[in-house]
Amino acid sequence: MIQQDTINKIMDTARIEEVVGDFVSLKKRGTSLIGNCPFHNEKTPSFNVSVTKGIYKCFGCGKGGDSVRFIMDHEKYSYPEALKYLAQKYNIEVEEEEQSPEFIQANNARESLYIVSQYAANYFSNELWTGEDGRAIGLSYFKERGFREDIIKKFELGYSPDQWDALILSAQAAGHKEEYLERTGLSVHNDKGKIYDRFRGRVMFPIHNFTGRVIGFGGRTLKTDKNVPKYVNSPESEIYHKSNVLYGLFQAKKAIRDADNCYLVEGYADVLSVHQAGVENVVASSGTSLTIEQIRLIGRFTQNVTILYDGDAAGIKASLRGLDMILEEGLNVKVVNFPDGHDPDSYMHKVGAGAFKIYIENNRKDFILYKADILLKDAGNDPIKRAGIIRDIVESIAKIPDDIKASVFIRESSRILQVEERMLLTELNKMRVAKFKKAGDKQQSFQPRQPFSSGSPYEQDGPPDNLFDDNPAAEPVTTVKADDDLLQEHEIIRLLLAFGHELVSWDNIDNMYIGSFIIQNLSDVTFEDELCKSIIENYKEEIENGHLPTANQFIKNNDRKIADLAITLSTSPYSLSENWYNKHKIYVRDETVNLKATILGGLFHLKKRKVDRMLIGLLNEIKEENNPVNQEILMSRYAHIKNVEREISKFLGSVIIK
């Protein structure tokens with residue numbers, strides 16, 4: 001186990017914006033940072049990072065936590081694995097206490113897959129640089145293709161010897177188990193049960209995950225035998241899911257954020273060539289057709305994609321298919337056409353790095369221009385084909401979720417295709433209506449929440465006049481909703497977490513913290529929600545023991561439900577734009593300006609909800625009571641509590657406007 005002193009050092013050193021920033025493109029908004037959530041698909045950012053509190057919170061899917069929790073959720077790491085990841089990031093030496101064999105075995109199974117994959121990458125690289133065949137065949141191939149040594153080393157390229165079990169024997173001699181070689185797909189069993197290397201006589205392209213760990217491989221044959229597949233890729237494994245991986249993303253993610261654009265190519269060699277040309281914000285779809293998951297992965301770093309696919313018929317077809325998928329995910333997309341059927345790799349080596357970089361910068365086309373140009377060439381003057389192309393282009397525009405962007409492209413298409421804008425809009429609306437009808441069964445309708453009302457269910461002192469009407473089908477009075485009670489209980493917890501450490505500064509109260517003040521004023525209140533009740537009891541117990549709890553204690557609580565609630569109540573999806581005052585000269589009052597109104601308002605709103613529930617309960621009791629004497633007692637109690645409710649309402653009315 002990792003020693004507590006080391007854990008504290010890791011927690012103190014890790015900065016939430018740096019940890020999350022390795023995986024999500026963050027932009028400043030108010031006092032927070034925002035970005036697209038890495039845990040669910042979204043086109044409008046709802047993922048917030050609070051630098052001051054050291055936490056993240058997604059208001060779309062609800063995920064939240066600190067730096068360690070983020071790594072655990074994102075990388076599917078255990079708690080110790082996440083701590084070790086952060087320790088490695090910040091160069092902190094990890095001191096561990098002795099662990100049981102069972103604990104080690106349970107936690108190291110997945111880690112072993114990473115370790116054996118990295119061993120294989122090192123083995124292939126070493127063979128490339130020092131092996132006789134590796135240097136003569138593998139390294140010569142890369143250099144003949146024009147790749148510099150720094151690029152070869154940066155991407156950890158390698159060579160697998162043309163032998164049946166070279167890697168297996170080397171790995172076993174180094175202490176790696178056959179089980180993990182097979183689970184990563186590095187080795188394969190044949191029908192007779194004999195194990196052999198999957199990759200033999202190939203140049204190797206290691207595939208890295210976000211954090212730079214090797215998770216899979218692509219191997220290219222150098223043989224001319226048509227019966228030998230040109231590329232062999234790692235199969236799906238516990239650590240490698242090809243539809244969720246982009247080749248080169250680990251090396252490109254910083255450049256993508258900096259340039260706010262991602263170049264998308266088809267193959268491994270294309271990534272290397274474009275990278276060598278000085279354009280480092282480039283990725284490939286990792287030996288598979290482009291997937292929605294890969295597009296969403298790009299969307300976490302930038303909203304702008306530029307496709308650099310091959311200029312042949314297959315490349316053009318792939319670019320058109322990928323184009324529509326990218327549009328549907330709400331990203332902006334441009335395309336670069338290469339002359340004379342070149343792909344990015346061949347064109348870079350033909351014209352050189354400098355000319356290549358200038359070419360792609362100057363030849364990016366909006367998808368409308370690109371698609372229209374490609375399709376209209378095929379259609380010629382055939383009116384039927386032209387009509388089909390117009391529908392095809394409008395169909396692409398219909399995939400764009402942003403109405404403003406769609407309208408701009410409709411106008412542009414009208415000019416290019418020489419068709420009235422009104423006709424295109426009509427076609428667009430038809431397609432959208434059809435799409436909505438098709439998805440209609442899957443849509444979930446919902447009613448907007450009722451506006452919050454702090455008023456009492458009844459305004460008179462006594463029960464309503466019609467309480468004893470002969471109406472046996474009448475439902476019991478239930479005006480106050482449980483949801484409203486929960487909101488008020490959450491508000492008290494929020495106030496404790498936000499202001500509990502502040503001193504009371506009203507009514508001549510000295511040397512009392514707001515946390516203690518709130519707890520004292522809750523002596524006559526019973527919390528219904530179990531989580532809220534647990535936090536209140538814990539807070540009270542800490543105060544009684546002479547400690548004032550901090551928000552961080554609850555945010556990092558071992559009970560995940562308490563931690564999630566504390567994170568939710570410590571963050572907000574909204575921030576006030578500075579333009580309210582700077583531009584419009586509109587001053588919006590901060591709740592900290594009058595903490596008395598903020599704290600007492602929260603307390604008395606909660607008490608008012610509780611009193612309202614008591615009044616409703618009494619009304620139902622009065623209605624069900626047949627004994628006149630008991631009815632009189634209940635009515636008297638109702639009138640007393642009604643007076644309490646009136647005093648609370650009077651106070652709330654006065655404190656809010658002070």
# chains A, B, ... in the order shown; residues from 1 in each chain; ligands from 1
call {"tool": "select_by_dssp", "arguments": {"residues": "region 238-413 of chain A", "states": "helix (DSSP H, G or I)", "output": "NGL selection string"}}
result
:A and (242-244 or 249-259 or 268-276 or 292-299 or 313-328 or 339-341 or 344-351 or 353-362 or 367-379 or 383-398 or 403-413)
call {"tool": "residues_around", "arguments": {"residues": "region 337-344 of chain A", "least_positions_apart": "3", "cutoff": "12 Å", "atoms": "only C-alpha atoms", "output": "short mmCIF file (atom, residue, chain, number, x, y, z; two decimals) with all heavy atoms, in the first residue's frame"}}
result
data_model
loop_
_atom_site.label_atom_id
_atom_site.label_comp_id
_atom_site.auth_asym_id
_atom_site.auth_seq_id
_atom_site.Cartn_x
_atom_site.Cartn_y
_atom_site.Cartn_z
N TYR A 263 -5.76 17.53 -37.91
CA TYR A 263 -5.66 16.93 -39.24
C TYR A 263 -5.90 15.43 -39.11
O TYR A 263 -5.28 14.76 -38.29
CB TYR A 263 -4.29 17.19 -39.85
CG TYR A 263 -4.09 18.62 -40.30
CD1 TYR A 263 -3.32 19.50 -39.55
CD2 TYR A 263 -4.69 19.09 -41.47
CE1 TYR A 263 -3.16 20.82 -39.96
CE2 TYR A 263 -4.53 20.40 -41.88
CZ TYR A 263 -3.76 21.26 -41.12
OH TYR A 263 -3.61 22.56 -41.52
N LEU A 264 -6.80 14.92 -39.95
CA LEU A 264 -7.18 13.51 -39.90
C LEU A 264 -6.72 12.81 -41.16
O LEU A 264 -7.10 13.21 -42.27
CB LEU A 264 -8.71 13.39 -39.75
CG LEU A 264 -9.29 11.99 -39.63
CD1 LEU A 264 -8.79 11.29 -38.39
CD2 LEU A 264 -10.82 12.06 -39.60
N VAL A 265 -5.89 11.78 -41.00
CA VAL A 265 -5.38 11.03 -42.14
C VAL A 265 -5.77 9.56 -41.99
O VAL A 265 -6.38 9.17 -41.00
CB VAL A 265 -3.84 11.17 -42.25
CG1 VAL A 265 -3.45 12.61 -42.52
CG2 VAL A 265 -3.16 10.66 -40.97
N GLU A 266 -5.38 8.77 -43.00
CA GLU A 266 -5.82 7.37 -43.00
C GLU A 266 -4.86 6.41 -42.31
O GLU A 266 -5.27 5.54 -41.55
CB GLU A 266 -6.05 6.91 -44.44
CG GLU A 266 -7.38 7.32 -45.01
CD GLU A 266 -7.65 6.61 -46.33
OE1 GLU A 266 -6.97 6.93 -47.31
OE2 GLU A 266 -8.54 5.74 -46.36
N GLY A 267 -3.56 6.51 -42.60
CA GLY A 267 -2.64 5.46 -42.18
C GLY A 267 -1.53 5.92 -41.28
O GLY A 267 -1.32 7.12 -41.05
N TYR A 268 -0.80 4.94 -40.78
CA TYR A 268 0.32 5.21 -39.89
C TYR A 268 1.38 6.08 -40.58
O TYR A 268 1.88 7.05 -40.01
CB TYR A 268 0.98 3.89 -39.45
CG TYR A 268 0.04 2.90 -38.79
CD1 TYR A 268 -0.12 1.62 -39.30
CD2 TYR A 268 -0.67 3.25 -37.64
CE1 TYR A 268 -0.96 0.70 -38.69
CE2 TYR A 268 -1.51 2.33 -37.02
CZ TYR A 268 -1.66 1.06 -37.56
OH TYR A 268 -2.50 0.15 -36.96
N ALA A 269 1.75 5.71 -41.81
CA ALA A 269 2.79 6.44 -42.53
C ALA A 269 2.37 7.88 -42.79
O ALA A 269 3.21 8.79 -42.80
CB ALA A 269 3.12 5.74 -43.85
N ASP A 270 1.08 8.11 -43.02
CA ASP A 270 0.59 9.47 -43.23
C ASP A 270 0.84 10.33 -42.00
O ASP A 270 1.23 11.50 -42.10
CB ASP A 270 -0.91 9.46 -43.56
CG ASP A 270 -1.20 8.81 -44.91
OD1 ASP A 270 -0.38 8.97 -45.83
OD2 ASP A 270 -2.25 8.15 -45.03
N VAL A 271 0.59 9.76 -40.82
CA VAL A 271 0.82 10.49 -39.57
C VAL A 271 2.29 10.88 -39.46
O VAL A 271 2.64 12.02 -39.15
CB VAL A 271 0.39 9.66 -38.34
CG1 VAL A 271 0.86 10.33 -37.04
CG2 VAL A 271 -1.12 9.50 -38.30
N LEU A 272 3.18 9.91 -39.73
CA LEU A 272 4.61 10.17 -39.62
C LEU A 272 5.05 11.26 -40.60
O LEU A 272 5.83 12.16 -40.24
CB LEU A 272 5.39 8.89 -39.90
CG LEU A 272 5.11 7.67 -39.00
CD1 LEU A 272 5.97 6.49 -39.43
CD2 LEU A 272 5.33 7.99 -37.54
N SER A 273 4.56 11.22 -41.82
CA SER A 273 4.97 12.19 -42.84
C SER A 273 4.50 13.60 -42.51
O SER A 273 5.26 14.56 -42.62
CB SER A 273 4.43 11.77 -44.21
OG SER A 273 5.01 10.56 -44.63
N VAL A 274 3.24 13.71 -42.13
CA VAL A 274 2.70 15.03 -41.80
C VAL A 274 3.41 15.57 -40.56
O VAL A 274 3.73 16.77 -40.49
CB VAL A 274 1.17 14.95 -41.58
CG1 VAL A 274 0.62 16.30 -41.16
CG2 VAL A 274 0.49 14.48 -42.87
N HIS A 275 3.65 14.71 -39.59
CA HIS A 275 4.36 15.12 -38.38
C HIS A 275 5.77 15.59 -38.73
O HIS A 275 6.25 16.60 -38.21
CB HIS A 275 4.43 13.93 -37.41
CG HIS A 275 4.61 14.31 -35.98
ND1 HIS A 275 3.56 14.45 -35.10
CD2 HIS A 275 5.72 14.60 -35.27
CE1 HIS A 275 4.02 14.79 -33.92
NE2 HIS A 275 5.34 14.89 -34.00
N GLN A 276 6.43 14.87 -39.63
CA GLN A 276 7.79 15.23 -40.04
C GLN A 276 7.81 16.57 -40.78
O GLN A 276 8.82 17.28 -40.76
CB GLN A 276 8.38 14.13 -40.92
CG GLN A 276 9.83 14.36 -41.32
CD GLN A 276 10.50 13.12 -41.86
OE1 GLN A 276 10.56 12.10 -41.17
NE2 GLN A 276 10.96 13.16 -43.10
N ALA A 277 6.69 16.92 -41.41
CA ALA A 277 6.60 18.19 -42.12
C ALA A 277 6.42 19.37 -41.17
O ALA A 277 6.32 20.51 -41.61
CB ALA A 277 5.45 18.15 -43.13
N VAL A 279 3.87 19.57 -39.03
CA VAL A 279 2.45 19.68 -38.67
C VAL A 279 2.15 18.56 -37.68
O VAL A 279 1.86 17.42 -38.08
CB VAL A 279 1.55 19.57 -39.93
CG1 VAL A 279 0.08 19.73 -39.54
CG2 VAL A 279 1.95 20.61 -40.96
N VAL A 282 -1.79 15.94 -35.96
CA VAL A 282 -2.32 14.98 -36.93
C VAL A 282 -2.51 13.62 -36.28
O VAL A 282 -1.68 13.17 -35.49
CB VAL A 282 -1.36 14.88 -38.15
CG1 VAL A 282 0.05 14.48 -37.72
CG2 VAL A 282 -1.90 13.90 -39.18
N ALA A 284 -4.52 9.46 -37.02
CA ALA A 284 -5.12 8.52 -37.98
C ALA A 284 -6.09 7.62 -37.24
O ALA A 284 -6.05 7.50 -36.02
CB ALA A 284 -4.05 7.69 -38.68
N THR A 306 -9.71 18.82 -40.13
CA THR A 306 -9.34 18.92 -41.55
C THR A 306 -8.95 17.54 -42.05
O THR A 306 -8.02 16.93 -41.52
CB THR A 306 -8.17 19.90 -41.76
OG1 THR A 306 -8.52 21.18 -41.21
CG2 THR A 306 -7.85 20.06 -43.23
N ILE A 307 -9.67 17.03 -43.04
CA ILE A 307 -9.43 15.69 -43.56
C ILE A 307 -8.34 15.73 -44.63
O ILE A 307 -8.42 16.52 -45.58
CB ILE A 307 -10.73 15.10 -44.16
CG1 ILE A 307 -11.80 14.95 -43.07
CG2 ILE A 307 -10.46 13.75 -44.81
CD1 ILE A 307 -13.13 14.44 -43.58
N LEU A 308 -7.33 14.87 -44.49
CA LEU A 308 -6.25 14.73 -45.47
C LEU A 308 -6.23 13.29 -45.97
O LEU A 308 -5.31 12.53 -45.68
CB LEU A 308 -4.89 15.07 -44.84
CG LEU A 308 -4.71 16.41 -44.15
CD1 LEU A 308 -3.30 16.53 -43.58
CD2 LEU A 308 -4.97 17.55 -45.12
N TYR A 309 -7.28 12.89 -46.70
CA TYR A 309 -7.33 11.51 -47.17
C TYR A 309 -6.72 11.39 -48.56
O TYR A 309 -6.45 12.38 -49.24
CB TYR A 309 -8.79 11.03 -47.20
CG TYR A 309 -9.28 10.50 -45.86
CD1 TYR A 309 -10.59 10.10 -45.68
CD2 TYR A 309 -8.43 10.42 -44.76
CE1 TYR A 309 -11.04 9.62 -44.46
CE2 TYR A 309 -8.87 9.94 -43.55
CZ TYR A 309 -10.17 9.55 -43.40
OH TYR A 309 -10.62 9.07 -42.19
N ASP A 310 -6.52 10.13 -49.00
CA ASP A 310 -5.93 9.87 -50.31
C ASP A 310 -6.77 10.50 -51.41
O ASP A 310 -8.00 10.61 -51.29
CB ASP A 310 -5.83 8.36 -50.56
CG ASP A 310 -4.89 7.68 -49.56
OD1 ASP A 310 -4.35 8.40 -48.70
OD2 ASP A 310 -4.72 6.46 -49.65
N GLY A 311 -6.10 10.86 -52.51
CA GLY A 311 -6.80 11.49 -53.62
C GLY A 311 -7.40 10.51 -54.61
O GLY A 311 -7.99 10.92 -55.60
N ASP A 312 -7.26 9.19 -54.36
CA ASP A 312 -7.87 8.23 -55.28
C ASP A 312 -9.34 8.04 -54.95
O ASP A 312 -9.87 8.61 -54.00
CB ASP A 312 -7.12 6.89 -55.23
CG ASP A 312 -7.12 6.26 -53.83
OD1 ASP A 312 -7.88 6.73 -52.96
OD2 ASP A 312 -6.34 5.32 -53.60
N ALA A 313 -10.02 7.21 -55.75
CA ALA A 313 -11.47 7.04 -55.60
C ALA A 313 -11.84 6.53 -54.22
O ALA A 313 -12.80 7.00 -53.60
CB ALA A 313 -11.99 6.09 -56.68
N ALA A 314 -11.04 5.56 -53.71
CA ALA A 314 -11.35 5.00 -52.38
C ALA A 314 -11.15 6.04 -51.29
O ALA A 314 -11.95 6.13 -50.35
CB ALA A 314 -10.44 3.78 -52.12
N GLY A 315 -10.10 6.85 -51.43
CA GLY A 315 -9.84 7.90 -50.44
C GLY A 315 -10.93 8.95 -50.43
O GLY A 315 -11.35 9.42 -49.38
N ILE A 316 -11.39 9.33 -51.64
CA ILE A 316 -12.46 10.32 -51.75
C ILE A 316 -13.75 9.79 -51.12
O ILE A 316 -14.44 10.49 -50.38
CB ILE A 316 -12.69 10.70 -53.22
CG1 ILE A 316 -11.50 11.51 -53.75
CG2 ILE A 316 -13.99 11.49 -53.40
CD1 ILE A 316 -11.51 11.72 -55.24
N SER A 319 -13.44 9.90 -47.42
CA SER A 319 -13.53 11.26 -46.89
C SER A 319 -14.98 11.74 -46.85
O SER A 319 -15.39 12.42 -45.91
CB SER A 319 -12.67 12.22 -47.73
OG SER A 319 -13.21 12.39 -49.03
N LYS A 334 -13.18 20.65 -42.74
CA LYS A 334 -12.62 21.07 -44.02
C LYS A 334 -11.89 19.89 -44.63
O LYS A 334 -11.56 18.91 -43.95
CB LYS A 334 -11.68 22.26 -43.85
CG LYS A 334 -12.36 23.54 -43.37
CD LYS A 334 -11.36 24.68 -43.22
CE LYS A 334 -11.99 25.94 -42.67
NZ LYS A 334 -12.97 26.52 -43.61
N TYR A 347 2.87 12.82 -51.07
CA TYR A 347 2.98 14.22 -51.47
C TYR A 347 4.03 14.95 -50.63
O TYR A 347 4.78 15.79 -51.15
CB TYR A 347 1.63 14.93 -51.37
CG TYR A 347 1.63 16.29 -52.04
CD1 TYR A 347 1.73 16.39 -53.43
CD2 TYR A 347 1.54 17.45 -51.30
CE1 TYR A 347 1.73 17.63 -54.06
CE2 TYR A 347 1.55 18.70 -51.91
CZ TYR A 347 1.65 18.78 -53.29
OH TYR A 347 1.68 20.01 -53.91
N MET A 348 4.12 14.63 -49.34
CA MET A 348 5.12 15.28 -48.50
C MET A 348 6.52 14.93 -48.98
O MET A 348 7.40 15.79 -49.07
CB MET A 348 4.94 14.85 -47.04
CG MET A 348 5.70 15.73 -46.03
SD MET A 348 7.49 15.45 -45.93
CE MET A 348 7.54 13.88 -45.09
N HIS A 349 6.74 13.66 -49.31
CA HIS A 349 8.06 13.26 -49.74
C HIS A 349 8.38 13.74 -51.16
O HIS A 349 9.56 13.83 -51.53
CB HIS A 349 8.21 11.73 -49.65
CG HIS A 349 8.33 11.24 -48.24
ND1 HIS A 349 7.33 10.54 -47.62
CD2 HIS A 349 9.31 11.38 -47.32
CE1 HIS A 349 7.69 10.25 -46.37
NE2 HIS A 349 8.90 10.76 -46.17
N LYS A 350 7.35 14.07 -51.92
CA LYS A 350 7.58 14.59 -53.27
C LYS A 350 8.00 16.06 -53.24
O LYS A 350 8.97 16.45 -53.90
CB LYS A 350 6.32 14.43 -54.12
CG LYS A 350 6.48 15.02 -55.52
CD LYS A 350 5.20 14.98 -56.32
CE LYS A 350 5.41 15.63 -57.69
NZ LYS A 350 4.16 15.67 -58.50
N VAL A 351 7.27 16.86 -52.45
CA VAL A 351 7.50 18.32 -52.50
C VAL A 351 8.35 18.82 -51.34
O VAL A 351 8.81 19.97 -51.36
CB VAL A 351 6.16 19.09 -52.53
CG1 VAL A 351 5.34 18.67 -53.73
CG2 VAL A 351 5.36 18.87 -51.23
N GLY A 352 8.53 18.00 -50.28
CA GLY A 352 9.29 18.45 -49.13
C GLY A 352 8.40 19.02 -48.04
O GLY A 352 7.25 19.41 -48.28
N ALA A 353 8.96 19.09 -46.82
CA ALA A 353 8.17 19.48 -45.65
C ALA A 353 7.62 20.90 -45.77
O ALA A 353 6.45 21.15 -45.48
CB ALA A 353 9.03 19.35 -44.38
N PHE A 356 4.89 21.22 -48.43
CA PHE A 356 3.71 20.45 -48.01
C PHE A 356 2.89 21.26 -47.00
O PHE A 356 1.66 21.35 -47.12
CB PHE A 356 4.16 19.13 -47.37
CG PHE A 356 3.03 18.30 -46.82
CD1 PHE A 356 2.33 17.44 -47.64
CD2 PHE A 356 2.66 18.38 -45.48
CE1 PHE A 356 1.28 16.67 -47.14
CE2 PHE A 356 1.63 17.62 -44.97
CZ PHE A 356 0.93 16.76 -45.81
N LYS A 357 3.57 21.85 -46.03
CA LYS A 357 2.88 22.62 -45.00
C LYS A 357 2.13 23.81 -45.60
O LYS A 357 0.98 24.09 -45.25
CB LYS A 357 3.89 23.11 -43.96
CG LYS A 357 3.27 23.69 -42.70
CD LYS A 357 4.35 23.95 -41.66
CE LYS A 357 3.73 24.49 -40.37
NZ LYS A 357 4.77 24.73 -39.34
N TYR A 359 1.07 23.99 -48.66
CA TYR A 359 -0.02 23.49 -49.51
C TYR A 359 -1.29 23.22 -48.70
O TYR A 359 -2.38 23.63 -49.09
CB TYR A 359 0.42 22.21 -50.23
CG TYR A 359 -0.65 21.65 -51.14
CD1 TYR A 359 -0.82 22.14 -52.42
CD2 TYR A 359 -1.51 20.65 -50.69
CE1 TYR A 359 -1.81 21.64 -53.25
CE2 TYR A 359 -2.51 20.15 -51.51
CZ TYR A 359 -2.66 20.65 -52.79
OH TYR A 359 -3.65 20.17 -53.61
N ILE A 360 -1.14 22.50 -47.58
CA ILE A 360 -2.35 22.16 -46.82
C ILE A 360 -2.96 23.40 -46.16
O ILE A 360 -4.18 23.45 -45.94
CB ILE A 360 -2.08 21.06 -45.78
CG1 ILE A 360 -1.07 21.51 -44.72
CG2 ILE A 360 -1.64 19.78 -46.45
CD1 ILE A 360 -0.90 20.51 -43.59
N GLU A 361 -2.14 24.39 -45.84
CA GLU A 361 -2.68 25.62 -45.26
C GLU A 361 -3.48 26.40 -46.28
O GLU A 361 -4.49 27.03 -45.95
CB GLU A 361 -1.54 26.50 -44.71
CG GLU A 361 -0.90 25.98 -43.44
CD GLU A 361 -1.83 26.04 -42.24
OE1 GLU A 361 -2.73 26.88 -42.23
OE2 GLU A 361 -1.66 25.21 -41.33
N ASN A 362 -3.05 26.35 -47.56
CA ASN A 362 -3.67 27.17 -48.59
C ASN A 362 -4.77 26.46 -49.37
O ASN A 362 -5.45 27.08 -50.19
CB ASN A 362 -2.61 27.67 -49.59
CG ASN A 362 -1.62 28.62 -48.94
OD1 ASN A 362 -1.90 29.23 -47.91
ND2 ASN A 362 -0.44 28.75 -49.54
N ASN A 363 -4.93 25.16 -49.14
CA ASN A 363 -5.88 24.40 -49.96
C ASN A 363 -6.99 23.73 -49.16
O ASN A 363 -7.60 22.76 -49.63
CB ASN A 363 -5.13 23.36 -50.79
CG ASN A 363 -4.32 23.98 -51.91
OD1 ASN A 363 -4.83 24.21 -53.01
ND2 ASN A 363 -3.06 24.27 -51.64
N ARG A 364 -7.23 24.23 -47.97
CA ARG A 364 -8.34 23.68 -47.18
C ARG A 364 -9.67 24.22 -47.72
O ARG A 364 -9.84 25.42 -47.87
CB ARG A 364 -8.19 24.04 -45.71
CG ARG A 364 -7.08 23.28 -45.04
CD ARG A 364 -7.06 23.51 -43.54
NE ARG A 364 -6.63 24.85 -43.18
CZ ARG A 364 -6.46 25.26 -41.94
NH1 ARG A 364 -6.73 24.43 -40.93
NH2 ARG A 364 -6.06 26.47 -41.68
N LYS A 365 -10.59 23.32 -47.99
CA LYS A 365 -11.90 23.71 -48.51
C LYS A 365 -12.99 23.36 -47.50
O LYS A 365 -12.92 22.32 -46.85
CB LYS A 365 -12.21 22.98 -49.82
CG LYS A 365 -11.37 23.39 -51.00
CD LYS A 365 -11.83 22.62 -52.24
CE LYS A 365 -11.03 22.99 -53.46
NZ LYS A 365 -11.47 22.24 -54.66
N ASP A 366 -14.01 24.22 -47.41
CA ASP A 366 -15.19 23.86 -46.62
C ASP A 366 -15.82 22.63 -47.25
O ASP A 366 -15.73 22.42 -48.47
CB ASP A 366 -16.21 25.01 -46.61
CG ASP A 366 -15.94 25.97 -45.48
OD1 ASP A 366 -15.62 25.50 -44.38
OD2 ASP A 366 -16.04 27.19 -45.69
N PHE A 367 -16.49 21.83 -46.42
CA PHE A 367 -17.02 20.56 -46.92
C PHE A 367 -17.99 20.76 -48.07
O PHE A 367 -18.09 19.94 -48.99
CB PHE A 367 -17.68 19.78 -45.77
CG PHE A 367 -19.09 20.19 -45.49
CD1 PHE A 367 -20.16 19.53 -46.07
CD2 PHE A 367 -19.36 21.25 -44.63
CE1 PHE A 367 -21.47 19.90 -45.80
CE2 PHE A 367 -20.65 21.62 -44.36
CZ PHE A 367 -21.71 20.95 -44.95
N LEU A 369 -17.91 23.11 -50.51
CA LEU A 369 -17.15 23.29 -51.75
C LEU A 369 -16.53 21.98 -52.21
O LEU A 369 -16.56 21.64 -53.39
CB LEU A 369 -16.05 24.33 -51.52
CG LEU A 369 -16.51 25.77 -51.29
CD1 LEU A 369 -15.34 26.63 -50.86
CD2 LEU A 369 -17.13 26.34 -52.56
N TYR A 370 -16.01 21.23 -51.25
CA TYR A 370 -15.36 19.96 -51.58
C TYR A 370 -16.36 18.96 -52.14
O TYR A 370 -16.15 18.37 -53.21
CB TYR A 370 -14.68 19.39 -50.33
CG TYR A 370 -14.09 18.02 -50.52
CD1 TYR A 370 -12.89 17.84 -51.19
CD2 TYR A 370 -14.74 16.89 -50.02
CE1 TYR A 370 -12.34 16.58 -51.36
CE2 TYR A 370 -14.21 15.62 -50.19
CZ TYR A 370 -13.00 15.48 -50.86
OH TYR A 370 -12.47 14.23 -51.03
N LYS A 371 -17.46 18.77 -51.43
CA LYS A 371 -18.43 17.76 -51.85
C LYS A 371 -19.08 18.14 -53.18
O LYS A 371 -19.26 17.29 -54.06
CB LYS A 371 -19.49 17.59 -50.76
CG LYS A 371 -20.39 16.38 -50.97
CD LYS A 371 -21.15 16.03 -49.70
CE LYS A 371 -21.87 14.70 -49.86
NZ LYS A 371 -22.52 14.26 -48.62
N ASP A 373 -17.81 20.03 -55.52
CA ASP A 373 -16.81 19.93 -56.58
C ASP A 373 -16.65 18.47 -57.02
O ASP A 373 -16.62 18.17 -58.22
CB ASP A 373 -15.48 20.49 -56.07
CG ASP A 373 -14.41 20.51 -57.15
OD1 ASP A 373 -14.71 20.97 -58.26
OD2 ASP A 373 -13.28 20.06 -56.87
N ILE A 374 -16.55 17.57 -56.04
CA ILE A 374 -16.36 16.15 -56.36
C ILE A 374 -17.58 15.58 -57.09
O ILE A 374 -17.46 14.92 -58.13
CB ILE A 374 -16.10 15.34 -55.07
CG1 ILE A 374 -14.76 15.75 -54.43
CG2 ILE A 374 -16.12 13.84 -55.36
CD1 ILE A 374 -13.55 15.45 -55.26
#
call {"tool": "residues_around", "arguments": {"residues": "region 522-528 of chain A", "least_positions_apart": "2", "cutoff": "12 Å", "atoms": "only C-alpha atoms", "output": "ChimeraX atom specification"}}
result
/A:482-490,492-493,496,515-520,530-537,539-540,600,602-611,613-614
call {"tool": "write_last_selection", "arguments": {"atoms": "C-alpha atoms", "output": "compact mmCIF listing (two decimals), in the first residue's frame"}}
result
# COMPACT_ATOMS: atom_id res chain seq x y z
CA ALA A 482 -40.86 16.22 -1.54
CA ASP A 483 -38.59 17.56 -4.31
CA ASP A 484 -38.91 21.05 -2.84
CA ASP A 485 -37.91 19.75 0.59
CA LEU A 486 -34.85 18.10 -0.93
CA LEU A 487 -33.87 21.34 -2.67
CA GLN A 488 -34.04 23.22 0.63
CA GLU A 489 -32.02 20.55 2.44
CA HIS A 490 -29.41 20.67 -0.32
CA ILE A 492 -28.36 24.15 3.72
CA ILE A 493 -25.56 21.71 2.88
CA LEU A 496 -22.30 24.87 5.15
CA GLY A 515 -21.03 26.50 10.33
CA SER A 516 -21.67 26.44 14.10
CA PHE A 517 -24.43 29.04 13.71
CA ILE A 518 -26.26 26.93 11.12
CA ILE A 519 -25.95 23.73 13.14
CA GLN A 520 -27.32 25.48 16.28
CA GLU A 530 -30.34 10.30 4.24
CA LEU A 531 -27.25 11.83 2.62
CA CYS A 532 -28.07 15.31 3.91
CA LYS A 533 -28.79 13.87 7.35
CA SER A 534 -25.46 12.06 7.34
CA ILE A 535 -23.53 15.22 6.39
CA ILE A 536 -25.33 17.29 9.06
CA GLU A 537 -24.66 14.67 11.73
CA TYR A 539 -20.65 18.21 10.71
CA LYS A 540 -22.27 18.44 14.15
CA LEU A 600 -30.92 33.17 7.38
CA GLY A 602 -31.60 29.40 3.62
CA LEU A 603 -32.46 28.41 7.18
CA PHE A 604 -35.92 29.96 7.19
CA HIS A 605 -36.84 28.71 3.74
CA LEU A 606 -36.03 25.20 4.99
CA LYS A 607 -38.05 25.73 8.16
CA LYS A 608 -40.94 27.14 6.18
CA ARG A 609 -41.05 24.02 4.02
CA LYS A 610 -41.07 21.86 7.16
CA VAL A 611 -43.83 23.98 8.71
CA ARG A 613 -45.62 19.99 5.64
CA MET A 614 -46.77 20.06 9.27
call {"tool": "atom_distance", "arguments": {"atom1": "CA of Gly185 (chain A)", "atom2": "CA of Ile215 (chain A)"}}
result
10.3 Å
